[in-house]
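Scroll down for the structure; my scribbles are underneath it.
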Amino acid sequence: MKRIIGILFTIIVLVSCNSQKVYSDFDISYSRNGGYAPIYENLLIKDHNAHYSFEGQGKKFKQDFKISEEDLKKLNKTLSQNNFRSIQEDRKKLYDNITTSINIKKGPNEGSKTDASLIMPNYTTNWNNIMNAFQEIINNNVKKQ
């Protein structure tokens with residue numbers, strides 16, 4: 001009996017660990033979450049494969065799609081032109097705010113930025129341009145129900 005329970009436990013652990021792999025194995029990630037009525041939006045890109053998920057406002061949605069080389073080049077160009085690595089985050093405390101986080105794991109724009117405490121005023125235009133590039137990819141590729 002203990003052996004059967006041990007085997008079942010091992011299977012459950014392996015299945016649950018494997019289901020989270022999509023959220024840890026990425027080159028580029030864009031996520032928005034939080035707020036008074038919390039939302040959770042993620043765009044994860046690995047090579048030319050993208051995983052999008054949204055949960056909030058009474059909706060739950062997931063979609064996988066291929067991202068074109070042109071879209072990836074355009075995104076990287078936007079990151080470079082808007083000096084992603086140089087954007088400075090503010091240190092003020094904000095609560096109940098929808099927060100956007102961007103993580104780039106490889107390439108010339110490698111880095112991690114978030115507006116959890118806002119972005120310094122000199123960099124808000126750059127930050128908004130980068131966020132718009134991600135939203136454009138979502139709008140052009142995700143078929144929301």
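All residue names refer to the structure tokens as shown: chains lettered A, B, ... in order, residues numbered from 1 in each chain, ligands numbered from 1 in order.
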Query raised in the report: Counting only C-alpha atoms, what is within 10 Å of His48 in chain A, bar same-chain residues fewer than 4 positions away, as a VMD selection string?
Result: chain A and resid 27 65 to 69 71 to 72
Report task. Could you give me the residues within range 18-59 of chain A that DSSP places in strand (DSSP E), as a ChimeraX atom specification? Result -> /A:28-34,39-46,49-56,59
Requested in this report: From the DSSP assignment of the backbone, select every residue of chain A that is helix (DSSP H, G or I), and format the answer as a ChimeraX atom specification.
Outcome: /A:2-19,21-23,69-81,84-86,121-141
Requested in this report: Measure the distance from CA of Ala116 in chain A to CA of Gly34 in chain A in Å and round it to one decimal.
Outcome: 9.7 Å
**Report entry** Residues within 8 Å of range 93-108 of chain A, only C-alpha atoms, excluding chain neighbours under 2 positions, as an NGL selection string
**Finding:** :A and (26-36 or 38-39 or 80 or 91 or 110-118)
May I have the residues from that selection written out with N, CA, C and O atoms, as a CSV table (one decimal), in the first residue's frame?
chain,number,residue,atom,x,y,z
A,26,PHE,N,11.9,30.3,-21.3
A,26,PHE,CA,11.6,31.3,-22.3
A,26,PHE,C,12.8,32.2,-22.6
A,26,PHE,O,13.7,32.2,-21.7
A,27,ASP,N,12.8,32.9,-23.7
A,27,ASP,CA,13.9,33.9,-24.0
A,27,ASP,C,13.4,35.3,-23.7
A,27,ASP,O,14.2,36.1,-23.3
A,28,ILE,N,12.1,35.5,-23.9
A,28,ILE,CA,11.5,36.8,-23.7
A,28,ILE,C,10.2,36.6,-23.0
A,28,ILE,O,9.4,35.7,-23.3
A,29,SER,N,10.0,37.4,-22.0
A,29,SER,CA,8.7,37.4,-21.3
A,29,SER,C,8.1,38.8,-21.1
A,29,SER,O,8.9,39.7,-20.8
A,30,TYR,N,6.8,38.9,-21.2
A,30,TYR,CA,6.1,40.1,-20.9
A,30,TYR,C,4.9,39.7,-20.0
A,30,TYR,O,4.2,38.8,-20.4
A,31,SER,N,4.8,40.3,-18.9
A,31,SER,CA,3.7,39.9,-18.0
A,31,SER,C,3.1,41.2,-17.4
A,31,SER,O,3.8,42.1,-17.0
A,32,ARG,N,1.8,41.1,-17.3
A,32,ARG,CA,1.0,42.2,-16.6
A,32,ARG,C,0.2,41.5,-15.5
A,32,ARG,O,-0.5,40.5,-15.8
A,33,ASN,N,0.2,42.0,-14.3
A,33,ASN,CA,-0.7,41.4,-13.3
A,33,ASN,C,-0.9,42.4,-12.2
A,33,ASN,O,-0.2,43.4,-12.0
A,34,GLY,N,-2.0,42.1,-11.4
A,34,GLY,CA,-2.4,42.9,-10.2
A,34,GLY,C,-3.6,43.8,-10.5
A,34,GLY,O,-4.3,43.5,-11.4
A,35,GLY,N,-3.7,44.8,-9.7
A,35,GLY,CA,-4.9,45.7,-9.8
A,35,GLY,C,-5.9,45.4,-8.7
A,35,GLY,O,-5.8,44.4,-8.0
A,36,TYR,N,-6.9,46.2,-8.6
A,36,TYR,CA,-8.0,46.0,-7.7
A,36,TYR,C,-8.8,44.8,-8.0
A,36,TYR,O,-9.2,44.0,-7.1
A,38,PRO,N,-7.8,41.8,-9.9
A,38,PRO,CA,-6.6,41.3,-10.5
A,38,PRO,C,-6.7,40.7,-11.8
A,38,PRO,O,-7.7,40.0,-12.1
A,39,ILE,N,-5.7,41.0,-12.7
A,39,ILE,CA,-5.6,40.3,-14.0
A,39,ILE,C,-4.2,39.7,-14.0
A,39,ILE,O,-3.3,40.1,-13.3
A,80,SER,N,16.1,47.9,-28.5
A,80,SER,CA,17.4,48.6,-28.7
A,80,SER,C,17.2,50.1,-28.8
A,80,SER,O,17.9,50.9,-28.2
A,91,ARG,N,11.7,53.9,-7.1
A,91,ARG,CA,11.7,53.1,-5.9
A,91,ARG,C,10.5,53.4,-5.0
A,91,ARG,O,10.4,53.0,-3.9
A,110,GLU,N,19.5,41.9,-23.1
A,110,GLU,CA,19.3,41.0,-21.9
A,110,GLU,C,19.2,41.9,-20.7
A,110,GLU,O,19.9,42.8,-20.4
A,111,GLY,N,18.1,41.6,-19.9
A,111,GLY,CA,17.9,42.3,-18.7
A,111,GLY,C,16.4,42.1,-18.2
A,111,GLY,O,15.7,41.4,-18.8
A,112,SER,N,16.1,42.8,-17.1
A,112,SER,CA,14.8,42.6,-16.5
A,112,SER,C,14.4,44.0,-16.0
A,112,SER,O,15.1,44.6,-15.3
A,113,LYS,N,13.2,44.4,-16.4
A,113,LYS,CA,12.6,45.7,-15.9
A,113,LYS,C,11.2,45.5,-15.5
A,113,LYS,O,10.5,44.7,-16.0
A,114,THR,N,10.7,46.3,-14.5
A,114,THR,CA,9.4,46.3,-14.1
A,114,THR,C,8.9,47.7,-13.7
A,114,THR,O,9.7,48.5,-13.3
A,115,ASP,N,7.6,48.0,-13.9
A,115,ASP,CA,7.1,49.3,-13.5
A,115,ASP,C,6.3,49.1,-12.2
A,115,ASP,O,5.4,49.9,-11.9
A,116,ALA,N,6.7,48.1,-11.4
A,116,ALA,CA,6.0,47.9,-10.1
A,116,ALA,C,6.1,49.1,-9.2
A,116,ALA,O,5.2,49.4,-8.4
A,117,SER,N,7.2,49.9,-9.3
A,117,SER,CA,7.3,51.1,-8.5
A,117,SER,C,7.4,52.3,-9.5
A,117,SER,O,8.0,53.3,-9.2
A,118,LEU,N,6.8,52.2,-10.6
A,118,LEU,CA,6.8,53.2,-11.7
A,118,LEU,C,8.2,53.2,-12.4
A,118,LEU,O,9.2,52.6,-11.9
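Comparing A:Ile87, A:Asp25, A:Glu41, A:Thr78 by their smallest distance to Asn132 in chain A, the closest is A:Thr78 (using only C-alpha atoms).
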Query - Long-range neighbours of range 126-130 of chain A as number ranges by chain, 8 Å cut-off, only C-alpha atoms, 4 positions minimum in chain - result: A: 75, 78-79, 82-84, 87, 119, 134
Selection from above, N, CA and C atoms, as a short mmCIF file (atom, residue, chain, number, x, y, z; two decimals), in the first residue's frame, can you write it?
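Wrote it out as out.cif, contents follow:
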data_model
loop_
_atom_site.label_atom_id
_atom_site.label_comp_id
_atom_site.auth_asym_id
_atom_site.auth_seq_id
_atom_site.Cartn_x
_atom_site.Cartn_y
_atom_site.Cartn_z
N LEU A 75 10.65 43.61 -32.60
CA LEU A 75 10.65 43.72 -31.14
C LEU A 75 12.05 44.03 -30.62
N THR A 78 12.93 47.60 -31.37
CA THR A 78 12.25 48.51 -30.45
C THR A 78 12.94 48.52 -29.09
N LEU A 79 13.33 47.35 -28.60
CA LEU A 79 14.05 47.27 -27.33
C LEU A 79 15.37 48.04 -27.40
N ASN A 82 14.88 51.97 -27.81
CA ASN A 82 14.37 52.61 -26.60
C ASN A 82 15.23 52.30 -25.37
N ASN A 83 16.45 51.84 -25.63
CA ASN A 83 17.44 51.63 -24.57
C ASN A 83 16.88 50.84 -23.38
N PHE A 84 16.32 49.67 -23.68
CA PHE A 84 15.70 48.85 -22.64
C PHE A 84 16.62 48.66 -21.42
N ILE A 87 16.77 51.78 -19.01
CA ILE A 87 15.57 52.30 -18.34
C ILE A 87 15.74 52.16 -16.83
N ILE A 119 8.28 53.94 -13.46
CA ILE A 119 9.49 54.16 -14.23
C ILE A 119 9.87 55.63 -14.05
N PHE A 134 5.02 44.97 -27.46
CA PHE A 134 4.50 43.68 -26.98
C PHE A 134 2.99 43.59 -27.21
#
Report task. Go through A:Gln88, A:Phe54, A:Tyr40, A:Asn109 one by one, measure the shortest atom-to-atom distance of each to Thr124 in chain A using only C-alpha atoms, and give the residue with the smallest value. Result ->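 Result for the nearest residue to Thr124 in chain A: A:Gln88.
Note that CA of Glu136 in chain A and CA of Glu70 in chain A are 12.9 Å apart.
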